[in-house]
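*Asks:* Enclosed is the structure file final.txt (compact mmCIF, C-alpha atoms).
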```txt
# COMPACT_ATOMS: atom_id res chain seq x y z
CA MET A 986 123.91 65.51 138.19
CA THR A 987 126.26 65.70 135.25
CA ILE A 988 126.98 68.85 133.25
CA GLY A 989 124.99 67.41 130.34
CA SER A 990 121.98 66.81 132.58
CA ARG A 991 122.16 70.32 134.02
CA LEU A 992 122.33 71.77 130.54
CA ALA A 993 119.38 69.64 129.47
CA LYS A 994 117.40 70.81 132.50
CA ALA A 995 118.14 74.44 131.70
CA LEU A 996 117.21 73.93 128.07
CA SER A 997 113.98 72.21 129.07
CA ILE A 998 112.95 75.32 131.01
CA VAL A 999 113.80 77.44 127.98
CA ALA A 1000 111.73 75.09 125.81
CA LEU A 1001 108.66 75.54 128.02
CA VAL A 1002 109.04 79.32 128.02
CA LEU A 1003 109.30 79.33 124.22
CA ALA A 1004 106.32 77.00 123.91
CA CYS A 1005 104.20 79.36 126.02
CA SER A 1006 105.09 82.40 123.93
CA GLY A 1007 102.38 81.87 121.31
CA PRO A 1008 99.44 83.04 123.45
CA PHE A 1009 101.52 86.03 124.57
CA GLY A 1010 101.94 86.95 120.91
CA LEU A 1011 98.19 86.84 120.36
CA VAL A 1012 97.61 88.97 123.46
CA TYR A 1013 100.30 91.39 122.25
CA ILE A 1014 98.55 91.89 118.90
CA GLY A 1015 95.09 92.07 120.44
CA CYS A 1016 96.06 94.78 122.93
CA GLN A 1017 97.79 97.03 120.41
CA ALA A 1018 96.22 100.39 119.66
CA PRO A 1019 95.91 101.41 115.99
CA ALA A 1020 99.31 102.29 114.57
CA ASN A 1021 100.05 105.84 113.50
CA SER A 1022 101.68 104.68 110.29
CA HIS A 1023 102.00 101.59 108.14
CA ARG A 1024 105.69 101.31 108.99
CA GLU A 1025 104.90 101.23 112.70
CA GLU A 1026 102.25 98.58 112.13
CA ARG A 1027 104.68 96.41 110.15
CA LYS A 1028 107.19 96.60 113.02
CA ARG A 1029 104.53 95.45 115.48
CA TRP A 1030 103.59 92.49 113.33
CA ALA A 1031 107.24 91.59 112.83
CA VAL A 1032 107.64 91.40 116.62
CA ALA A 1033 104.47 89.30 116.93
CA GLU A 1034 105.58 86.89 114.21
CA ILE A 1035 108.90 86.34 115.99
CA ILE A 1036 107.01 85.57 119.20
CA PHE A 1037 104.70 83.19 117.31
CA LEU A 1038 107.62 81.26 115.82
CA ALA A 1039 108.99 80.60 119.30
CA SER A 1040 106.14 78.17 120.14
CA PRO A 1041 106.99 75.49 117.54
CA ALA A 1042 110.69 76.03 118.35
CA GLY A 1043 109.95 75.33 122.02
CA ALA A 1044 108.01 72.19 121.17
CA LEU A 1045 110.84 70.96 118.95
CA LEU A 1046 113.47 71.70 121.59
CA GLY A 1047 111.41 69.95 124.30
CA ALA A 1048 110.87 66.89 122.08
CA SER A 1049 114.61 66.70 121.35
CA ILE A 1050 115.48 66.76 125.06
CA HIS A 1051 112.76 64.19 125.73
CA PHE A 1052 114.19 61.68 123.25
CA TRP A 1053 117.85 62.31 124.07
CA TYR A 1054 117.70 62.19 127.87
CA ARG A 1055 114.48 60.37 128.81
CA ARG A 1056 116.25 57.09 129.55
CA ARG A 1057 118.43 58.62 132.26
CA HIS A 1058 116.42 61.52 133.64
CA ARG A 1059 112.92 62.89 133.57
CA PHE A 1060 112.65 66.53 132.50
CA ARG A 1061 109.12 67.63 133.22
CA TYR A 1062 109.57 71.05 131.63
CA ALA A 1063 110.69 69.43 128.40
CA ASP A 1064 107.78 67.01 128.47
CA ALA A 1065 105.32 69.82 129.13
CA SER A 1066 106.73 72.03 126.36
CA VAL A 1067 105.69 69.52 123.66
CA PRO A 1068 101.89 69.59 124.16
CA VAL A 1069 101.97 73.27 125.15
CA GLY A 1070 103.97 74.21 122.04
CA ILE A 1071 101.71 72.15 119.78
CA ALA A 1072 98.56 73.67 121.32
CA SER A 1073 100.01 77.19 121.00
CA SER A 1074 100.93 76.59 117.36
CA LEU A 1075 97.40 75.37 116.59
CA ALA A 1076 95.92 78.40 118.36
CA ILE A 1077 98.13 80.67 116.24
CA LEU A 1078 97.05 78.94 113.03
CA VAL A 1079 93.39 79.54 113.95
CA MET A 1080 93.65 83.06 115.40
CA PHE A 1081 96.36 84.65 113.26
CA PRO A 1082 94.24 84.82 110.05
CA MET A 1083 91.40 86.38 112.07
CA PHE A 1084 93.67 89.12 113.42
CA ALA A 1085 95.20 89.68 109.99
CA GLN A 1086 91.77 89.94 108.35
CA SER A 1087 90.54 92.40 110.97
CA ARG A 1088 93.64 94.50 110.39
CA ASP A 1089 93.27 94.55 106.60
CA SER A 1090 89.52 95.20 106.69
CA ARG A 1091 89.75 98.36 108.77
CA PRO A 1092 88.26 101.34 106.96
CA SER A 1093 90.96 103.30 105.17
CA ILE A 1094 90.83 107.02 105.81
CA CYS A 1095 93.20 107.47 102.90
CA TYR A 1096 90.75 105.67 100.62
CA SER A 1097 87.95 107.92 101.87
CA ASN A 1098 90.10 111.02 101.35
CA GLU A 1099 90.74 110.18 97.71
CA LYS A 1100 87.05 109.47 97.19
CA GLN A 1101 86.13 112.92 98.47
CA LEU A 1102 88.84 114.54 96.37
CA VAL A 1103 87.90 112.88 93.10
CA LEU A 1104 84.23 113.70 93.65
CA GLY A 1105 85.35 117.26 94.31
CA LEU A 1106 87.18 117.24 90.98
CA LEU A 1107 84.04 116.09 89.17
CA GLN A 1108 81.94 118.76 90.89
CA TYR A 1109 84.53 121.37 89.96
CA ALA A 1110 84.33 120.25 86.33
CA GLN A 1111 80.55 120.62 86.37
CA ASP A 1112 80.95 124.25 87.43
CA TYR A 1113 83.72 125.09 84.95
CA ASP A 1114 82.55 123.95 81.51
CA ASP A 1115 83.47 120.31 82.17
CA ARG A 1116 87.15 121.19 82.70
CA LEU A 1117 89.36 119.99 85.54
CA PRO A 1118 91.50 122.48 87.52
CA LEU A 1119 95.03 123.41 86.53
CA HIS A 1120 97.89 121.39 87.96
CA ASN A 1121 99.42 124.33 89.83
CA SER A 1122 96.27 125.19 91.79
CA TRP A 1123 94.20 122.04 92.14
CA ASN A 1124 94.59 121.83 95.94
CA ASP A 1125 93.03 125.25 96.43
CA ALA A 1126 90.45 124.68 93.70
CA LEU A 1127 89.02 121.67 95.55
CA PHE A 1128 88.65 123.30 98.96
CA PRO A 1129 85.19 124.83 98.25
CA TYR A 1130 83.98 121.30 97.41
CA THR A 1131 85.64 119.25 100.16
CA LYS A 1132 85.46 121.95 102.90
CA ASN A 1133 88.27 120.17 104.71
CA ALA A 1134 92.00 120.65 104.08
CA SER A 1135 92.81 117.40 105.94
CA THR A 1136 91.42 115.36 103.04
CA LEU A 1137 94.62 116.24 101.18
CA MET A 1138 96.74 114.40 103.76
CA CYS A 1139 97.06 110.63 103.97
CA PRO A 1140 96.82 109.65 107.67
CA GLU A 1141 99.63 107.15 107.21
CA GLU A 1142 102.03 109.80 105.94
CA GLU A 1143 104.44 110.79 108.69
CA TYR A 1144 104.67 114.42 107.55
CA GLN A 1145 101.14 115.78 107.97
CA LYS A 1146 101.65 119.43 107.00
CA VAL A 1147 101.79 119.01 103.22
CA PRO A 1148 99.32 117.25 100.85
CA SER A 1149 100.25 113.67 100.02
CA TYR A 1150 98.26 112.98 96.83
CA GLY A 1151 99.26 113.58 93.24
CA PHE A 1152 97.07 114.74 90.33
CA ASN A 1153 97.65 113.21 86.90
CA GLY A 1154 99.13 116.20 85.05
CA VAL A 1155 97.79 115.05 81.68
CA LEU A 1156 94.25 115.83 82.88
CA ALA A 1157 94.99 119.33 84.19
CA GLY A 1158 92.74 121.88 82.51
CA ARG A 1159 91.24 119.26 80.20
CA THR A 1160 87.64 118.20 79.76
CA ILE A 1161 86.59 115.18 81.82
CA THR A 1162 83.31 113.85 80.39
CA PRO A 1163 84.34 112.51 76.96
CA ILE A 1164 87.45 110.65 78.13
CA LYS A 1165 87.57 107.13 76.74
CA ASP A 1166 87.62 104.25 79.26
CA SER A 1167 87.38 106.71 82.17
CA SER A 1168 87.09 103.87 84.71
CA ASN A 1169 90.76 103.03 84.09
CA VAL A 1170 92.18 106.55 83.78
CA VAL A 1171 94.34 107.55 86.74
CA THR A 1172 93.25 110.89 88.21
CA LEU A 1173 94.63 110.90 91.77
CA ILE A 1174 97.14 108.61 93.45
CA ASP A 1175 99.22 108.29 96.62
CA SER A 1176 102.38 110.26 95.95
CA THR A 1177 105.30 111.96 97.62
CA THR A 1178 104.28 114.97 99.67
CA GLY A 1179 104.00 118.37 98.04
CA ARG A 1180 101.52 121.14 97.43
CA ASN A 1181 99.63 120.89 94.11
CA ARG A 1182 101.64 117.78 93.32
CA GLU A 1183 101.52 116.80 89.65
CA VAL A 1184 102.40 113.18 88.84
CA SER A 1185 102.88 110.92 85.87
CA LEU A 1186 104.07 107.39 85.26
CA ARG A 1187 107.61 108.75 85.43
CA ASP A 1188 107.12 109.01 89.21
CA PHE A 1189 106.83 105.20 89.49
CA PRO A 1190 107.36 103.57 91.96
CA PHE A 1191 105.01 105.48 94.24
CA PRO A 1192 105.37 105.70 98.06
CA ASP A 1193 104.83 102.50 100.07
CA ARG A 1194 102.76 104.05 102.85
CA HIS A 1195 100.24 101.20 102.46
CA GLY A 1196 102.74 98.41 101.94
CA THR A 1197 102.24 96.56 98.66
CA HIS A 1198 99.36 98.67 97.36
CA VAL A 1199 98.35 102.25 96.60
CA ASN A 1200 94.98 103.96 96.48
CA VAL A 1201 94.03 105.25 93.04
CA ALA A 1202 91.11 107.50 92.09
CA PHE A 1203 89.84 107.23 88.52
CA ALA A 1204 88.23 109.66 86.10
CA ASP A 1205 84.76 108.15 86.53
CA GLY A 1206 84.82 108.95 90.27
CA HIS A 1207 85.57 105.55 91.81
CA VAL A 1208 88.58 104.68 93.98
CA LYS A 1209 90.39 101.36 93.95
CA VAL A 1210 93.17 99.70 95.91
CA VAL A 1211 95.79 98.69 93.33
CA GLN A 1212 98.88 96.57 93.74
CA ALA A 1213 101.85 98.92 93.57
CA ASN A 1214 103.49 97.00 90.73
CA ARG A 1215 100.28 97.12 88.65
CA VAL A 1216 100.06 100.90 88.52
CA ARG A 1217 101.91 100.87 85.20
CA ASP A 1218 99.07 98.86 83.65
CA LEU A 1219 96.56 101.67 84.21
CA ILE A 1220 95.80 104.43 81.72
CA TRP A 1221 97.87 107.55 82.31
CA ASN A 1222 97.50 109.18 78.88
CA PRO A 1223 93.82 108.88 77.97
CA GLU A 1224 92.23 109.53 74.62
CA TRP A 1225 89.60 112.14 73.88
CA PRO A 1226 87.12 111.58 71.05
CA LYS A 1227 87.97 113.60 67.97
CA LYS A 1228 85.58 116.43 67.25
CA LYS A 1229 83.44 115.83 64.23
CA ALA A 1230 83.70 118.39 61.48
CA GLY A 1231 80.62 120.60 61.31
CA LYS A 1232 78.34 120.33 58.34
CA LYS A 1233 78.55 123.10 55.78
```
Could you render the structure as structure tokens?

*Replies:*
Amino acid sequence: MTIGSRLAKALSIVALVLACSGPFGLVYIGCQAPANSHREERKRWAVAEIIFLASPAGALLGASIHFWYRRRHRFRYADASVPVGIASSLAILVMFPMFAQSRDSRPSICYSNEKQLVLGLLQYAQDYDDRLPLHNSWNDALFPYTKNASTLMCPEEEYQKVPSYGFNGVLAGRTITPIKDSSNVVTLIDSTTGRNREVSLRDFPFPDRHGTHVNVAFADGHVKVVQANRVRDLIWNPEWPKKKAGKK
């Protein structure tokens, strides 16, 4: 057997191994426990995507060996890698979106935390003449309403000893009910860690704990997942209706 044939035989084995890698990638993703952070999850998916890409590469390598050397020698591994690689690639196309959807649809504890916090802010305002807490004490002010200090920590933040949400400083100590367009007024947002963190649009861009989006709580009490680059389009400096002059 010539050196070229030996090399082709070795490459044909490599092609079959690559072609079979797709199902291993799906098993790898399916067996993974929930990641402790978004960064860790992204690393896992990067590894899986590399494994997935090996299947079509194996099929292509096997097909190349098949056409180049078929006249002289028969390389069964190369021949087998073509249908196996194609089948693996098709399986990935069908299963990958399902895994991705299940990953993205998992309940977000961070989202739930912000929901509890913004409702706590509204309850606080009801008890204090419709005014929100001051920026330098809002963490402590919310504890009687949330009853759980862990709501101040995003579970995807690596440092879990300090709160990881910021309060729009413009709203501190101000009345909440008469704000115009309250459904678009930023109240709480994912931010850098810090106790009683006060934020503004000057802090843009905000941390990428959730990848391309951040969780934002609004003045009307709802929470929304917002694309990180769209945060600037939200209302950070709301308007309050002018008080009407009293009649003489």

*Asks:* Nearest residue to Val1103 (chain A) out of A:Val1069, A:Ala1204, A:Ala1157, A:Ala1213, using all atoms listed in the file?

*Replies:*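 That would be A:Ala1204, the residue with the smallest distance to Val1103 (chain A).
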
*Asks:* For Gly1158 (chain A), list every protein, DNA or RNA residue within 10 Å, evaluated using only C-alpha atoms, and leave out those in the same chain fewer than 4 positions away; present the list as a ChimeraX atom specification.

*Replies:* /A:1110,1113,1115-1120,1123,1154

*Asks:* Between A:Lys1132, A:Lys1100, A:Arg1217, A:Arg1027, which one has atoms that come closest to Asp1205 (chain A), using only C-alpha atoms?

*Replies:*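 Smallest distance to Asp1205 (chain A) is found for A:Lys1100.
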
*Asks:* For a cutoff of 12 Å around the file-coordinate point (101.6, 87.4, 122.3), which residues qualify once you count all atoms listed in the file? I'd like the result as a ChimeraX atom specification.

*Replies:* /A:1003-1017,1029-1040,1073-1074,1076-1077,1080-1081

*Asks:* If you count all atoms listed in the file, which residues fall within 7 Å of Lys1165 (chain A), apart from same-chain ones fewer than 4 positions away, as a short mmCIF file (atom, residue, chain, number, x, y, z; two decimals) with C-alpha atoms, keeping the file's coordinate frame?

*Replies:*
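Full text of result_2.cif as output:
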```
data_model
loop_
_atom_site.label_atom_id
_atom_site.label_comp_id
_atom_site.auth_asym_id
_atom_site.auth_seq_id
_atom_site.Cartn_x
_atom_site.Cartn_y
_atom_site.Cartn_z
CA PRO A 1223 93.82 108.88 77.97
CA GLU A 1224 92.23 109.53 74.62
CA TRP A 1225 89.60 112.14 73.88
#
```

*Asks:* So how far away is CA of Arg1187 (chain A) from CA of Phe1128 (chain A), in Å?

*Replies:*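 Distance between the two atoms: 27.5 Å.
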
*Asks:* Which residues come within 9 Å of Ser1135 (chain A), counting only C-alpha atoms, excluding same-chain residues fewer than 2 positions away, as a VMD selection string?

*Replies:* chain A and resid 1098 1133 1137 to 1140 1145 1148

*Asks:* Which is closest to Leu1106 (chain A) among A:Ser1176, A:Ser997, A:Ser1149, A:Thr1131, if we use only C-alpha atoms?

*Replies:* A:Thr1131

*Asks:* Using all atoms listed in the file, which of the listed residues (A:Ile1161, A:Cys1095, A:Phe1060, A:Gly1047) sits closest to Arg991 (chain A)?

*Replies:*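 Checking each candidate against Arg991 (chain A), we get A:Phe1060 as the closest.
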